[in-house]
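Enquirer: Below is one structure. I have some questions about it.
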Amino acid sequence: MHPGDINSDPITHMSHATIEQAVDGIIWHDSEGRIDRVNQAACNMLEYSSKELLCMTITEIDPKFPVDRFKKEVWEASSGSVQFESMHVRKNGRTYPVEVTIYLVRTEGNVYACLIFRDISKRKQMEMALVENEKLLNAVLDHHFQLTGLLSADGILLNINKTALNLIGAKPSEVIGKFFWESPWWSHSGREQDKIKNALKKAREGSFVRFETTHIDFNGTVHFIDFSLTPLKNEKHQVQYLIPEARDITQLKQTQEELQQALKKLKKLQIRLQKENFYLKEEIKLDHNFGEIIGDSIPVKKMLAQVQQVAGTDTNVLILGETGTGKELIARAIHDLSNRRDGSLVKVNCAALPAYLIESELFGHEKGAFTGANNTRIGRFELADASTIFLDEIGDLPLELQAKLLRVLQEGEFERLGSTKTQQINVRVISATNRDLEALIGMGDFREDLFYRLNVFPINCPPLRNRKDDIPLLVKHFVKKHSKKTGKRIDTISKEVMKTMQSYHWPGNVRELENIIERALVISKGTSLEVGDWSLTAKDTDSKQSPATTMQEIEKQHIYKTLKKTHWRVSGVGGAAQILGLKPTTLEARMKKLGIKRK
């Protein structure tokens, strides 16, 4: 203010002193915006001296209000005051927010504008902080993967996030300000409304409440919801707000259901693996020579070349050869060299099972399919899926089952006994026989179309009499193999013993040779191999053979003589099957075929 403006009038002096001590800035200016008077607070806020301000216009302080705007909004306005927010410019050029009130004052024929302003920087900062906090809170709520919001203590919805709104298909105005149980969230079920009312009652009493419920969205889709209510208390420990949170657990429920289904499948697979393991323990013995085919003769080399050719394909193989020539060993070699070697080679001896059981053995059966079928059984073909099945003695397969086997070969499908459900499989078939299948076809005992399906790649296993050069190798191999079992150590094999073995016709082939070697190890007393009276039996058998005698007759005579020697005991220790190196079931089948009967 002008220093000389304060006169001796006490009232005027008091007014001027009050204005000077005011915390708000006060500026008087005329209609042209020229500043006439200022108080100290205005000088402090604008950082100008009073002398500097009295040489300025109001527009220099508030650029948003040029003189024209002042005239229009202030001077030409009706009597009273004008209030607004603006930005003032300090001497250093920085701006700051102000709240402005303007009064028109008329005195002594002149009109002045009294501009009262205050710095609202801190208030603006607080307002901005509140706005940012609100934005942040809403952003957190809206981006929360759960459905959440805020309720008053009496259950009125005060806020809700977008996740919840999207699920219930509602706008904020449709739910905010209403009781929570009246929202579209619960409208589909009165029972659910009662459930939320009871939950709200417990939460108002200060308890955390959680339960599981369902919700049908605006598309009609059912959602499983994990819902909770958390009470918020004030300083007096009174519940003031409730925080509802809901988590959509539909996917979790589906995953749990899928897991249950997977566990059921796993259980079935476990049962299947247990059966397969039982089968493997039952069928695969320790005396199998996996991949060990002993021999260096021309017939063996030719046979191994064929194995090498066909192993890497999925072609069906028919192995032909007499009993004891190692047909199963060839089948295992083919499987072990194939792309299916990671699976098990599943074996079925078609001659060892009664006709009424072989269909169930091959294709399985359902529970109750026949008398005694107390459980569902997986067949050998199903076990061999993605692997290899070996059908030994295929020539003994009953004619009524040959059509079903043909379908498996052609279509890769079958049904279990007692079931109408078709099973799809991918199996490689290796079969073997010591019978003349073409002769069986001529007699009507074997299907010609099945023969051609099986006989895609035939391999002949040479009998031991046609590969006598391999006998020394086989003898040494079996001596080494059975030495540990018998506890004997053999260092020498006499030329006489080896000559006798090479001259013998070996109707039981390699299997018979192995049994003779094991027996010889048992009776040998020193480190030299002794064969005992077998050498006399072998020479006697050979000497009695007529040049015109057929191989079938030779086999028949040898089996008959062995049975007579064992007093017609077929199985067990010292039985004819053990001596001949045959399985009891195979020997019985050969006896039936050759017409051997006890006289």
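The way I read the labels, and the way they are meant: chains A, B, ... in the order of the structure tokens, residue 1 as the first residue of every chain, and ligand 1 as the first ligand shown, with later ones counted on from there.
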Go through stretch 44-181 of chain A and collect every residue that DSSP, computed from the backbone, puts in strand (DSSP E); the answer should be as a PyMOL selection string.
Expert: chain A and resi 81-89+95-107+110-119+147-152+157-160
Enquirer: Using only C-alpha atoms, find the one residue out of A:Asp68, A:Glu393, A:Asp194, A:Glu235 that sits nearest to A:Glu322.
Expert: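 Residue with the minimum atom-to-atom distance to A:Glu322: A:Glu393.
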Enquirer: Hey, what's within 8 Å of A:Glu514 if we count only C-alpha atoms and toss same-chain stuff fewer than 4 positions away? As a list in words, please?
Expert: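 Listed by chain and then number, they are Val475, Phe478, Val510, Glu518 and Gly581 of chain A.
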Enquirer: Residues near A:Glu415, anyone? I mean within 10 Å using only C-alpha atoms, not counting same-chain ones fewer than 4 positions away, as a ChimeraX atom specification.
Expert: /A:363-366,404,408,419-424
Enquirer: For those residues, write C-alpha atoms to a file as a compact mmCIF listing (two decimals), in the first residue's frame.
Expert:
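Wrote it out as selection11.txt, contents follow:
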# COMPACT_ATOMS: atom_id res chain seq x y z
CA PHE A 363 -8.30 -111.42 -27.87
CA GLY A 364 -9.29 -111.18 -24.19
CA HIS A 365 -12.75 -111.31 -22.66
CA GLU A 366 -15.19 -109.22 -20.67
CA LYS A 404 -10.68 -113.63 -36.60
CA VAL A 408 -6.70 -108.51 -37.25
CA SER A 419 -18.01 -107.31 -26.00
CA THR A 420 -19.39 -105.40 -28.98
CA LYS A 421 -16.75 -102.67 -28.72
CA THR A 422 -14.15 -102.83 -31.49
CA GLN A 423 -10.53 -102.56 -30.36
CA GLN A 424 -8.04 -100.88 -32.71
Enquirer: Work out how far atom CA of A:Ile579 is from atom CA of A:Asp296, in Å to one decimal.
Expert: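 Separation between atom CA of A:Asp296 and atom CA of A:Ile579: 26.2 Å.
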Enquirer: Give the alpha helix (DSSP H) residues of stretch 363-414 of chain A, as DSSP finds them on the backbone, and put them as a short mmCIF file (atom, residue, chain, number, x, y, z; two decimals) with N, CA and C atoms, in the first residue's frame.
Expert:
data_model
loop_
_atom_site.label_atom_id
_atom_site.label_comp_id
_atom_site.auth_asym_id
_atom_site.auth_seq_id
_atom_site.Cartn_x
_atom_site.Cartn_y
_atom_site.Cartn_z
N PHE A 363 -7.52 -112.65 -27.72
CA PHE A 363 -8.30 -111.42 -27.87
C PHE A 363 -8.90 -110.89 -26.57
N ARG A 380 -3.66 -111.11 -25.60
CA ARG A 380 -2.26 -110.93 -26.00
C ARG A 380 -2.11 -109.90 -27.13
N PHE A 381 -3.08 -109.83 -28.03
CA PHE A 381 -2.99 -108.83 -29.10
C PHE A 381 -3.05 -107.42 -28.52
N GLU A 382 -3.90 -107.22 -27.53
CA GLU A 382 -4.01 -105.90 -26.90
C GLU A 382 -2.72 -105.55 -26.16
N LEU A 383 -2.12 -106.56 -25.53
CA LEU A 383 -0.85 -106.34 -24.85
C LEU A 383 0.26 -105.96 -25.82
N LEU A 399 -9.39 -123.77 -36.72
CA LEU A 399 -9.89 -123.16 -37.97
C LEU A 399 -10.87 -122.03 -37.69
N GLU A 400 -11.70 -122.19 -36.63
CA GLU A 400 -12.71 -121.16 -36.36
C GLU A 400 -12.08 -119.84 -35.91
N LEU A 401 -10.86 -119.87 -35.41
CA LEU A 401 -10.18 -118.64 -35.00
C LEU A 401 -9.34 -118.02 -36.11
N GLN A 402 -9.12 -118.76 -37.15
CA GLN A 402 -8.28 -118.26 -38.23
C GLN A 402 -8.92 -117.06 -38.93
N ALA A 403 -10.25 -117.04 -39.03
CA ALA A 403 -10.94 -115.90 -39.66
C ALA A 403 -10.77 -114.64 -38.81
N LYS A 404 -10.84 -114.78 -37.49
CA LYS A 404 -10.68 -113.63 -36.60
C LYS A 404 -9.24 -113.09 -36.67
N LEU A 405 -8.27 -114.02 -36.76
CA LEU A 405 -6.87 -113.60 -36.89
C LEU A 405 -6.66 -112.90 -38.23
N LEU A 406 -7.31 -113.39 -39.28
CA LEU A 406 -7.19 -112.75 -40.59
C LEU A 406 -7.71 -111.33 -40.55
N ARG A 407 -8.79 -111.09 -39.81
CA ARG A 407 -9.35 -109.73 -39.69
C ARG A 407 -8.35 -108.80 -38.99
N VAL A 408 -7.70 -109.32 -37.95
CA VAL A 408 -6.70 -108.51 -37.25
C VAL A 408 -5.57 -108.13 -38.20
N LEU A 409 -5.14 -109.09 -39.03
CA LEU A 409 -4.05 -108.82 -39.97
C LEU A 409 -4.48 -107.82 -41.05
N GLN A 410 -5.73 -107.91 -41.48
CA GLN A 410 -6.20 -107.05 -42.56
C GLN A 410 -6.64 -105.68 -42.07
N GLU A 411 -7.40 -105.63 -40.96
CA GLU A 411 -8.04 -104.39 -40.51
C GLU A 411 -7.42 -103.80 -39.26
#
Enquirer: From the set A:Leu353, A:Cys43, A:Met126, A:Leu229, which residue has the shortest atom-to-atom contact distance to A:Pro398, counting only C-alpha atoms?
Expert: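 Using only C-alpha atoms, A:Pro398 sits closest to A:Leu353.
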Enquirer: Might you pull out every residue within 12 Å of A:Leu513, with only C-alpha atoms counted and same-chain residues fewer than 5 positions away left off, and present them as JSON, numbers by chain?
Expert: {"A": [324, 325, 326, 463, 464, 465, 468, 470, 471, 472, 473, 474, 475, 476, 477, 478, 479, 498, 500, 501, 502, 504, 505, 506, 507, 508, 518, 519, 520, 531, 534, 538, 578, 579, 580, 581, 582]}
